[in-house]
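As structure tokens, the structure follows; a few thoughts come after it.
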Amino acid sequence: MIYIFDGSLPGLLTAVFEWFERKPGPVNLMLTTVFQPDAFTEGFTVITNAEKADRVWAGLQKRLKKDWLRKFYCTYLSEIPDAYQHLFQFTIYIFQSAPGAQSNYGNDHVMALAKYAKSVEREKHRMEAFIRFQKTGDGMFYAAIDPDFNVLPLISNHFKNRYADQQWIIYDLKRKYGLYYDLQTVEEITVDFSADVNQKNPATILMDEKEELYAVLWKDYFKSANIVARKNTKLHIKHVPKRYWKYLTEKQPG
Amino acid sequence: MAMFVSKYLPMSFDRIREKLNILADAAKYDVSCSSSGGNRKNENKGLGNSHASGICHTYTEDGRCVSLLKILLTNHCIYDCLFCVSRKSNDVKRAAFTVDEVVELTMNFYRRNYIEGLFLSSGIFKNADFTMERLLLVCKKLRLEQKYNGYIHLKTIPGASDDLIKEAGLYADRMSINLEMPTEAGLKLLAPEKNHADVIKPLDFVQQNIVQFAADKKLIKHVPKFVPAGQSTQMVIGATPESDKEIMYTANAFYKNFSLKRVYYSGYVPISNDNRMPVLGTQPPLLRENRLYQTDWLMRFYGFKVQEILNDANPNLDIDIDPKLSWAIRNMQHFPVDINQADYKMILRIPGIGVMSAQKIVQARKFGKLRIDQLKKIGVAYNRARHFIRCADSPYQLKDYQGTQIKAFILAESQSKYLKTDNNQLILF
């Protein structure tokens with residue numbers, strides 16, 4: 001049996017609701033976008049329903065503490081099809097077991113959530129570390145990212161609390177939405193970039209006059225802080241995998 | 001690039017750039033870059049806050065974390081400590097930042113998310129109080145004028161007056177003073193003008209104030225923060241001939257006596273031709289440094305007493321294996337440990353099992369006896385741990401292996417990142 005859902009969190013929770021209503025036995029959860037009907041397995045399209053989703057979420061809140069609700073949410077943000085499947089099975093497992101079943105690390109779904117959540121939290125932490133703002137001519141601090149997972153919802157508060165006295169935008173180029181902080185609140189935004197705009201590195205002309213200066217000083221500092229006699233490239237790359245270098249001012253030539 | 005920049009700041013930019021190069025270069029031998037343990041919040045709608053576990057914003061090519069803008073206020077110094085690159089007699093370029101320059105750099109780096117904060121140290125110019133006053137001024141400007149709530153790690157200048165040190169503690173998140181050499185004798189050899197007592201006095205003074213502020217906080221609601229991320233120190237390793245035992249016993253005593261958050265071990269990077277020290281070009285003792293940190297972790301997070309790891313019979317750590325494995329092999333009477341029965345404390349002592357895995361094991365075994373495949377999924381380094389454990393489906397083993405044999409098995413299948421020549425000789429038993 002295959003359950004087809006729209007990829008939303010309420011959709012996933014609705015799928016759990018529908019399963020408990022029907023108890024159809026083992027079920028594969030698939031995204032509408034990737035589902036290919038075949039002649040041998042029965043498909044059931046889950047119609048996302050806020051009320052049903054809320055009831056399942058409320059049930060989870062009763063059984064899980066904050067840390068596991070967070071693991072659940074992080075796993076969802078991984079956007080990995082297998083992760084959706086594990087979330088679906090995990091929820092069923094939690095509802096069918098005695099309280100405390102989430103600490104059964106011998107269970108595949110428990111372990112899977114712990115792993116996905118760890119990856120997503122790591123990506124979140126990397127974004128908190130590796131995002132580099134560039135100050136634009138109108139005083140806005142801008143950063144463009146394309147994280148492995150959809151971590152913008154997880155980093156919003158960190159940047160809001162930290163950079164409370166400056167306006168900033170963090171834009172996810174891969175998922176085509178961003179966060180904008182206007183000194184009061186953070187809003188989700190989408191920008192229609194015209195074709196000739198370099199989204200990662202806007203033209204120097206748009207930048208604050210001192211932006212280049214601080215970038216140079218930072219690159220200098222990065223070089224000075226290195227101790228050549230201790231060179232350890234393997235460790236360096238382990239900490240800053242190459243795919244993140246594009247974010248880092250200090251890794252840009254010049 | 002230079003042309004572009006000089007259009008805007010013709011005079012000062014090149015000078016600032018030169019200063020930063022000199023004063024960052026001189027500061028880099030201080031290895032601490034921790035930005036953790038702070039709890040400062042951004043409540044005044046200013047700039048910055050503390051992140052409980054700290055954030056490493058980048059890593060140098062030697063693999064060390066860069067979390068803080070680590071600079072000296074000046075590298076002018078009245079002292080001539082042999083191990084220090086800024087010693088009076090060393091022929092290096094000298095420079096000094098103004099207070100405002102440090103504030104500007106910190107604010108602008110922080111705003112771009114380059115750093116977690118500032119690590120400010122200094123050579124001693126004129127005298128201790130004169131130097132400490134200027135360090136304090138930087139902190140006050142940042143906190144009071146710029147509403148900066150990011151991390152500040154400040155060096156306590158030995159010999160500075162109590163009043164200055166106490167005031168600095170109100171603005172800094174962490175303070176530190178370096179022991180420099182693990183023993184008094186080592187310090188006397190390389191820095192005759194210095195002694196450990198000069199370090200201990202201010203460490204103790206700050207610690208007493210931390211305790212006092214914490215006690216006041218229980219009674220009075222609004223007590224200002226005082227060095228909320230605690231104190232740390234650093235020892236240089238390999239410049240003088242101390243044993244690992246001497247080093248770690250000193251570290252242990254300082255953890256105990258002054259509730260230090262961290263002791264750092266810095267492998268000596270040769271910077272002098274003096275015949276009392278390793279010659280220029282000698283490799284820094286990176287592996288030894290690594291083993292010392294492992295021992296430090298065992299003491300702080302794994303419930304080991306330092307005497308268990310280092311004692312008269314074993315004054316130095318093994319180079320070819322880590323100290324936890326080394327302890328296990330010397331104490332085979334405690335093994336094998338039954339994963340499904342043993343105390344958490346004992347599980348923590350099994351080579352190949354870390355704190356996270358140990359916690360997961362203790363939770364998961366309530367739901368049924370754990371098997372090998374589950375242990376692997378939990379994150380146990382099974383190839384290492386298997387010699388020391390029993391679980392639900394452990395294979396039946398006819399003979400008990402000696403510690404030395406187990407060591408040979410493990411060495412044969414592991415690759416040390418440090419040992420350049422492979423130890424591939426087959427050891428038959």
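Scheme for the structure tokens: letters A, B, ... for chains in order shown; per-chain residue numbers from 1; ligand numbers from 1 in order shown.
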Residues of chain B within 7 Å of chain A, only C-alpha atoms counted, as a PyMOL selection string: chain B and resi 5+17+20-21+24-25+28+42+45-49+55-57+59-63+112-114+360+363-364+367+374+378
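Shell of Arg288 in chain B at 9 Å, with only C-alpha atoms counted and residues fewer than 6 places along the chain excluded, is Ile237, Gly238, Asp244, Gly267, Leu317, Asp318 and Ile319 of chain B.
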Selection from above, N, CA and C atoms, as a compact mmCIF listing (two decimals), in the first residue's frame, can you write it?
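Heads up, here's the output in result_24.txt:
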# COMPACT_ATOMS: atom_id res chain seq x y z
N ILE B 237 53.98 23.10 25.73
CA ILE B 237 54.43 21.72 25.86
C ILE B 237 55.65 21.47 24.98
N GLY B 238 56.66 20.87 25.54
CA GLY B 238 57.78 20.45 24.72
C GLY B 238 58.91 21.46 24.62
N ASP B 244 54.76 13.94 30.94
CA ASP B 244 53.32 14.09 30.81
C ASP B 244 52.65 14.08 32.18
N GLY B 267 51.60 22.85 21.91
CA GLY B 267 52.87 22.28 21.46
C GLY B 267 53.80 23.40 21.01
N LEU B 317 52.50 9.33 28.46
CA LEU B 317 51.42 8.71 27.71
C LEU B 317 52.00 7.92 26.54
N ASP B 318 51.31 6.83 26.19
CA ASP B 318 51.72 6.08 25.00
C ASP B 318 51.53 6.95 23.78
N ILE B 319 52.44 6.84 22.85
CA ILE B 319 52.31 7.61 21.61
C ILE B 319 51.48 6.83 20.59
Enumerate the residues of range 105-275 of chain B with a DSSP assignment of helix (DSSP H, G or I), computed from the backbone, and present them as an MDAnalysis selection string. chainID B and resid 105:111 128:145 162:169 184:190 196:219 244:258
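Relative to CA of Phe258 in chain B, CA of Leu287 in chain B is found at 27.7 Å.
CA of Leu77 in chain A is found 7.4 Å from CA of Val120 in chain A.
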Neighbouring residues of Glu121 in chain A were defined as those with any atom within 12 Å, considering only C-alpha atoms; residues of the same chain fewer than 2 positions away were excluded. Please report them as an mmCIF file with C-alpha atoms, in the first residue's frame.
data_model
loop_
_atom_site.group_PDB
_atom_site.id
_atom_site.type_symbol
_atom_site.label_atom_id
_atom_site.label_comp_id
_atom_site.auth_asym_id
_atom_site.auth_seq_id
_atom_site.Cartn_x
_atom_site.Cartn_y
_atom_site.Cartn_z
ATOM 1 C CA ARG A 70 12.534 19.280 17.689
ATOM 2 C CA LYS A 71 14.154 16.112 16.303
ATOM 3 C CA PHE A 72 10.879 15.379 14.542
ATOM 4 C CA TYR A 73 10.733 18.864 12.992
ATOM 5 C CA CYS A 74 14.411 18.813 12.002
ATOM 6 C CA THR A 75 13.962 15.452 10.305
ATOM 7 C CA TYR A 76 11.070 16.912 8.351
ATOM 8 C CA LEU A 77 13.240 19.856 7.251
ATOM 9 C CA SER A 78 15.804 17.453 5.787
ATOM 10 C CA LEU A 113 15.292 10.363 13.406
ATOM 11 C CA ALA A 114 18.255 10.862 15.709
ATOM 12 C CA LYS A 115 20.556 10.699 12.692
ATOM 13 C CA TYR A 116 18.554 12.939 10.355
ATOM 14 C CA ALA A 117 18.052 15.477 13.123
ATOM 15 C CA LYS A 118 21.768 15.483 13.826
ATOM 16 C CA SER A 119 22.567 16.183 10.165
ATOM 17 C CA GLU A 123 23.759 22.166 8.779
ATOM 18 C CA LYS A 124 21.912 24.744 10.883
ATOM 19 C CA HIS A 125 25.007 25.251 13.004
ATOM 20 C CA ARG A 126 27.165 25.552 9.894
ATOM 21 C CA MET A 127 24.923 28.266 8.533
ATOM 22 C CA GLU A 128 25.195 30.142 11.836
ATOM 23 C CA PRO A 147 22.055 24.870 2.376
ATOM 24 C CA ASP A 148 21.741 21.092 2.041
ATOM 25 C CA PHE A 149 18.564 21.183 4.117
ATOM 26 C CA ASN A 150 15.815 23.726 4.617
ATOM 27 C CA VAL A 151 17.305 25.348 7.711
ATOM 28 C CA LEU A 152 16.041 28.935 7.430
ATOM 29 C CA PRO A 153 13.228 28.293 9.946
ATOM 30 C CA LEU A 154 15.833 27.007 12.415
ATOM 31 C CA ILE A 155 18.274 29.902 12.169
#
When DSSP is applied to the backbone of this structure, which of range 72-179 of chain B are assigned strand (DSSP E or B)? Write them out as a PyMOL selection string. chain B and resi 72+74+96+117-121+148+151-155+174-176
Kindly save the residues from that selection, with all heavy atoms included, as a compact mmCIF listing (two decimals), in the first residue's frame.
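And here is the file that came out, again-v9.txt:
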# COMPACT_ATOMS: atom_id res chain seq x y z
N LEU B 72 46.71 41.17 19.83
CA LEU B 72 47.34 41.88 20.93
C LEU B 72 47.02 43.36 20.75
O LEU B 72 46.93 43.85 19.63
CB LEU B 72 48.85 41.70 20.90
CG LEU B 72 49.45 40.30 20.98
CD1 LEU B 72 50.97 40.40 21.14
CD2 LEU B 72 48.86 39.52 22.14
N THR B 74 49.16 45.49 21.85
CA THR B 74 50.50 45.82 21.36
C THR B 74 51.43 44.64 21.54
O THR B 74 51.20 43.81 22.41
CB THR B 74 51.10 47.04 22.09
OG1 THR B 74 52.42 47.27 21.59
CG2 THR B 74 51.19 46.79 23.58
N ALA B 96 51.14 48.99 17.74
CA ALA B 96 50.14 49.11 18.80
C ALA B 96 48.85 49.65 18.21
O ALA B 96 48.86 50.58 17.42
CB ALA B 96 50.65 50.04 19.90
N GLY B 117 33.42 37.07 18.69
CA GLY B 117 33.81 38.11 19.63
C GLY B 117 35.29 38.40 19.58
O GLY B 117 35.97 38.09 18.60
N LEU B 118 35.77 38.99 20.66
CA LEU B 118 37.13 39.51 20.72
C LEU B 118 37.94 38.75 21.78
O LEU B 118 37.43 38.48 22.87
CB LEU B 118 37.07 41.00 21.10
CG LEU B 118 38.39 41.72 21.38
CD1 LEU B 118 39.23 41.82 20.12
CD2 LEU B 118 38.14 43.10 21.97
N PHE B 119 39.15 38.39 21.42
CA PHE B 119 40.11 37.85 22.39
C PHE B 119 41.25 38.84 22.43
O PHE B 119 42.00 38.97 21.48
CB PHE B 119 40.60 36.48 21.91
CG PHE B 119 41.61 35.80 22.81
CD1 PHE B 119 41.48 34.46 23.11
CD2 PHE B 119 42.69 36.49 23.34
CE1 PHE B 119 42.39 33.82 23.93
CE2 PHE B 119 43.60 35.86 24.16
CZ PHE B 119 43.46 34.52 24.45
N LEU B 120 41.33 39.60 23.51
CA LEU B 120 42.30 40.68 23.58
C LEU B 120 43.38 40.37 24.61
O LEU B 120 43.10 40.10 25.77
CB LEU B 120 41.58 41.99 23.93
CG LEU B 120 42.43 43.24 23.82
CD1 LEU B 120 42.97 43.44 22.42
CD2 LEU B 120 41.64 44.46 24.27
N SER B 121 44.59 40.41 24.12
CA SER B 121 45.74 40.19 24.98
C SER B 121 46.71 41.33 24.71
O SER B 121 46.44 42.19 23.87
CB SER B 121 46.36 38.84 24.65
OG SER B 121 47.51 38.62 25.43
N TYR B 148 27.57 46.49 22.72
CA TYR B 148 28.06 45.22 22.17
C TYR B 148 27.91 44.11 23.22
O TYR B 148 28.39 44.24 24.34
CB TYR B 148 29.53 45.40 21.78
CG TYR B 148 30.27 44.11 21.48
CD1 TYR B 148 30.17 43.50 20.24
CD2 TYR B 148 31.08 43.53 22.46
CE1 TYR B 148 30.87 42.33 19.97
CE2 TYR B 148 31.78 42.36 22.19
CZ TYR B 148 31.67 41.76 20.95
OH TYR B 148 32.35 40.61 20.70
N TYR B 151 31.00 38.10 22.59
CA TYR B 151 31.93 37.49 23.55
C TYR B 151 33.20 38.32 23.70
O TYR B 151 33.72 38.85 22.71
CB TYR B 151 32.28 36.10 23.02
CG TYR B 151 32.90 35.15 24.02
CD1 TYR B 151 32.10 34.38 24.85
CD2 TYR B 151 34.28 34.99 24.10
CE1 TYR B 151 32.64 33.47 25.74
CE2 TYR B 151 34.84 34.09 24.99
CZ TYR B 151 34.01 33.33 25.80
OH TYR B 151 34.57 32.44 26.68
N ILE B 152 33.68 38.43 24.91
CA ILE B 152 35.00 39.05 25.14
C ILE B 152 35.84 38.13 26.02
O ILE B 152 35.42 37.77 27.13
CB ILE B 152 34.90 40.44 25.83
CG1 ILE B 152 34.13 41.42 24.96
CG2 ILE B 152 36.31 40.99 26.12
CD1 ILE B 152 33.99 42.81 25.57
N HIS B 153 36.97 37.73 25.50
CA HIS B 153 37.96 36.99 26.29
C HIS B 153 39.11 37.94 26.54
O HIS B 153 39.71 38.44 25.60
CB HIS B 153 38.41 35.75 25.51
CG HIS B 153 39.44 34.91 26.21
ND1 HIS B 153 39.58 33.57 26.00
CD2 HIS B 153 40.40 35.22 27.14
CE1 HIS B 153 40.56 33.08 26.75
NE2 HIS B 153 41.09 34.07 27.45
N LEU B 154 39.38 38.20 27.79
CA LEU B 154 40.40 39.18 28.15
C LEU B 154 41.52 38.52 28.93
O LEU B 154 41.27 37.73 29.84
CB LEU B 154 39.74 40.27 29.01
CG LEU B 154 40.51 41.57 29.17
CD1 LEU B 154 40.63 42.28 27.84
CD2 LEU B 154 39.82 42.45 30.19
N LYS B 155 42.73 38.85 28.56
CA LYS B 155 43.88 38.39 29.35
C LYS B 155 43.97 39.21 30.62
O LYS B 155 43.89 40.44 30.57
CB LYS B 155 45.18 38.59 28.55
CG LYS B 155 45.43 37.54 27.55
CD LYS B 155 46.16 36.37 28.18
CE LYS B 155 45.83 35.17 27.34
NZ LYS B 155 45.92 33.91 27.93
N ARG B 174 35.17 35.86 29.59
CA ARG B 174 36.18 34.95 30.12
C ARG B 174 37.46 35.72 30.37
O ARG B 174 37.77 36.66 29.65
CB ARG B 174 36.45 33.80 29.14
CG ARG B 174 37.70 32.99 29.49
CD ARG B 174 37.78 31.69 28.76
NE ARG B 174 36.72 30.78 29.19
CZ ARG B 174 36.58 29.53 28.74
NH1 ARG B 174 37.41 29.06 27.84
NH2 ARG B 174 35.61 28.76 29.18
N MET B 175 38.18 35.31 31.42
CA MET B 175 39.50 35.86 31.65
C MET B 175 40.48 34.71 31.74
O MET B 175 40.12 33.60 32.11
CB MET B 175 39.52 36.72 32.91
CG MET B 175 38.63 37.96 32.76
SD MET B 175 38.59 39.03 34.20
CE MET B 175 40.13 39.92 34.03
N SER B 176 41.72 34.98 31.38
CA SER B 176 42.70 33.90 31.43
C SER B 176 44.09 34.46 31.70
O SER B 176 44.37 35.63 31.40
CB SER B 176 42.72 33.12 30.12
OG SER B 176 43.23 33.91 29.08
Show me, as number ranges by chain, the residues that have an atom within 10 Å of Leu144 in chain B when counting only C-alpha atoms, minus same-chain residues fewer than 5 positions from it. B: 139, 149, 171
Per-residue nearest contacts of range 252-318 of chain B to range 328-344 of chain B (12 Å; only C-alpha atoms) as a Markdown table:
| residue | atom | partner | partner_atom | distance |
| --- | --- | --- | --- | --- |
| B:Tyr302 | CA | B:Tyr344 | CA | 10.2 |
| B:Gly303 | CA | B:Tyr344 | CA | 10.6 |
| B:Phe304 | CA | B:Ala328 | CA | 11.7 |
| B:Glu308 | CA | B:Asn331 | CA | 10.0 |
| B:Ile309 | CA | B:Arg330 | CA | 9.8 |
| B:Leu310 | CA | B:Arg330 | CA | 11.7 |
| B:Ala313 | CA | B:Arg330 | CA | 11.2 |
| B:Asn314 | CA | B:Arg330 | CA | 10.3 |
| B:Asp318 | CA | B:Ile329 | CA | 11.6 |
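Between CA of Val138 in chain B and CA of Val223 in chain B the separation is 22.4 Å.
Among the candidates A:Ala15, A:Val110, A:Leu64, A:Leu179, the one nearest to Ala144 in chain A when counting only C-alpha atoms is A:Leu179.
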Taking only C-alpha atoms into account, name the residue in B:Val206, B:Ala239, B:Ile350, B:Ile410 that is nearest to Ser259 in chain B. B:Val206
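The residue that comes closest to Phe90 in chain A, out of A:Val46, A:Val191, A:Leu13, A:Met207 and on the basis of only C-alpha atoms, is A:Leu13.
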Do a neighbour search on Val85 in chain B at 10 Å with only C-alpha atoms, toss out local chain neighbours closer than 4 positions, and write the hits as number ranges by chain. B: 25-27, 29, 75, 80-81, 89-92, 270-272
For all heavy atoms, I'd like the residues from the last selection saved as a compact mmCIF listing (two decimals), in the first residue's frame.
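File produced: selection19.txt:
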# COMPACT_ATOMS: atom_id res chain seq x y z
N ASP B 25 49.39 38.07 14.16
CA ASP B 25 50.46 37.08 14.09
C ASP B 25 51.05 36.81 15.47
O ASP B 25 51.31 35.67 15.84
CB ASP B 25 51.57 37.59 13.15
CG ASP B 25 52.59 36.51 12.85
OD1 ASP B 25 52.32 35.70 11.97
OD2 ASP B 25 53.63 36.47 13.53
N ALA B 26 51.22 37.85 16.26
CA ALA B 26 51.82 37.69 17.58
C ALA B 26 50.86 37.03 18.57
O ALA B 26 51.27 36.46 19.57
CB ALA B 26 52.25 39.06 18.11
N ALA B 27 49.55 37.11 18.28
CA ALA B 27 48.57 36.58 19.23
C ALA B 27 48.23 35.12 18.98
O ALA B 27 47.61 34.47 19.81
CB ALA B 27 47.28 37.42 19.14
N TYR B 29 49.73 32.36 19.03
CA TYR B 29 50.27 31.25 19.80
C TYR B 29 49.43 30.97 21.05
O TYR B 29 49.64 29.99 21.75
CB TYR B 29 51.74 31.50 20.14
CG TYR B 29 52.57 31.60 18.89
CD1 TYR B 29 52.91 32.82 18.33
CD2 TYR B 29 52.95 30.45 18.21
CE1 TYR B 29 53.63 32.90 17.14
CE2 TYR B 29 53.67 30.51 17.02
CZ TYR B 29 54.01 31.74 16.49
OH TYR B 29 54.71 31.81 15.31
N ASN B 75 52.48 44.59 20.72
CA ASN B 75 53.49 43.56 20.95
C ASN B 75 54.78 44.17 21.51
O ASN B 75 55.80 43.52 21.57
CB ASN B 75 53.77 42.75 19.68
CG ASN B 75 54.37 43.58 18.56
OD1 ASN B 75 54.27 44.80 18.57
ND2 ASN B 75 54.99 42.92 17.61
N ASP B 80 61.35 39.59 28.67
CA ASP B 80 62.17 38.90 27.69
C ASP B 80 62.04 37.38 27.85
O ASP B 80 63.03 36.68 28.04
CB ASP B 80 63.63 39.34 27.82
CG ASP B 80 64.41 39.08 26.53
OD1 ASP B 80 63.80 39.21 25.45
OD2 ASP B 80 65.60 38.74 26.62
N CYS B 81 60.80 36.89 27.80
CA CYS B 81 60.57 35.46 28.00
C CYS B 81 60.96 34.71 26.71
O CYS B 81 60.42 35.00 25.64
CB CYS B 81 59.10 35.20 28.30
SG CYS B 81 58.47 36.26 29.60
N SER B 89 63.97 41.14 23.42
CA SER B 89 65.20 41.03 22.62
C SER B 89 64.97 40.52 21.20
O SER B 89 65.89 40.47 20.41
CB SER B 89 66.18 40.10 23.34
OG SER B 89 65.63 38.79 23.40
N ASN B 90 63.72 40.11 20.89
CA ASN B 90 63.46 39.56 19.56
C ASN B 90 63.35 40.68 18.54
O ASN B 90 62.72 41.70 18.77
CB ASN B 90 62.17 38.73 19.58
CG ASN B 90 62.12 37.73 18.44
OD1 ASN B 90 63.15 37.41 17.84
ND2 ASN B 90 60.92 37.24 18.14
N ASP B 91 63.99 40.47 17.39
CA ASP B 91 63.99 41.49 16.36
C ASP B 91 62.76 41.34 15.47
O ASP B 91 62.82 40.75 14.40
CB ASP B 91 65.29 41.36 15.54
CG ASP B 91 65.39 42.44 14.49
OD1 ASP B 91 64.72 43.49 14.65
OD2 ASP B 91 66.13 42.24 13.51
N VAL B 92 61.61 41.83 15.94
CA VAL B 92 60.40 41.79 15.12
C VAL B 92 59.81 43.20 15.02
O VAL B 92 60.11 44.07 15.83
CB VAL B 92 59.32 40.86 15.73
CG1 VAL B 92 59.74 39.41 15.62
CG2 VAL B 92 59.01 41.23 17.17
N PRO B 270 58.96 26.19 17.50
CA PRO B 270 60.25 26.86 17.70
C PRO B 270 60.29 28.25 17.09
O PRO B 270 59.97 28.43 15.92
CB PRO B 270 61.24 25.93 17.02
CG PRO B 270 60.58 24.60 17.03
CD PRO B 270 59.12 24.87 16.86
N ILE B 271 60.65 29.23 17.91
CA ILE B 271 60.71 30.61 17.45
C ILE B 271 61.99 31.27 17.92
O ILE B 271 62.13 32.48 17.87
CB ILE B 271 59.51 31.43 17.98
CG1 ILE B 271 59.30 31.13 19.47
CG2 ILE B 271 58.25 31.14 17.21
CD1 ILE B 271 58.42 32.11 20.17
N SER B 272 62.96 30.46 18.40
CA SER B 272 64.18 31.06 18.94
C SER B 272 65.35 30.11 18.75
O SER B 272 65.19 28.89 18.74
CB SER B 272 63.98 31.35 20.42
OG SER B 272 65.23 31.44 21.07
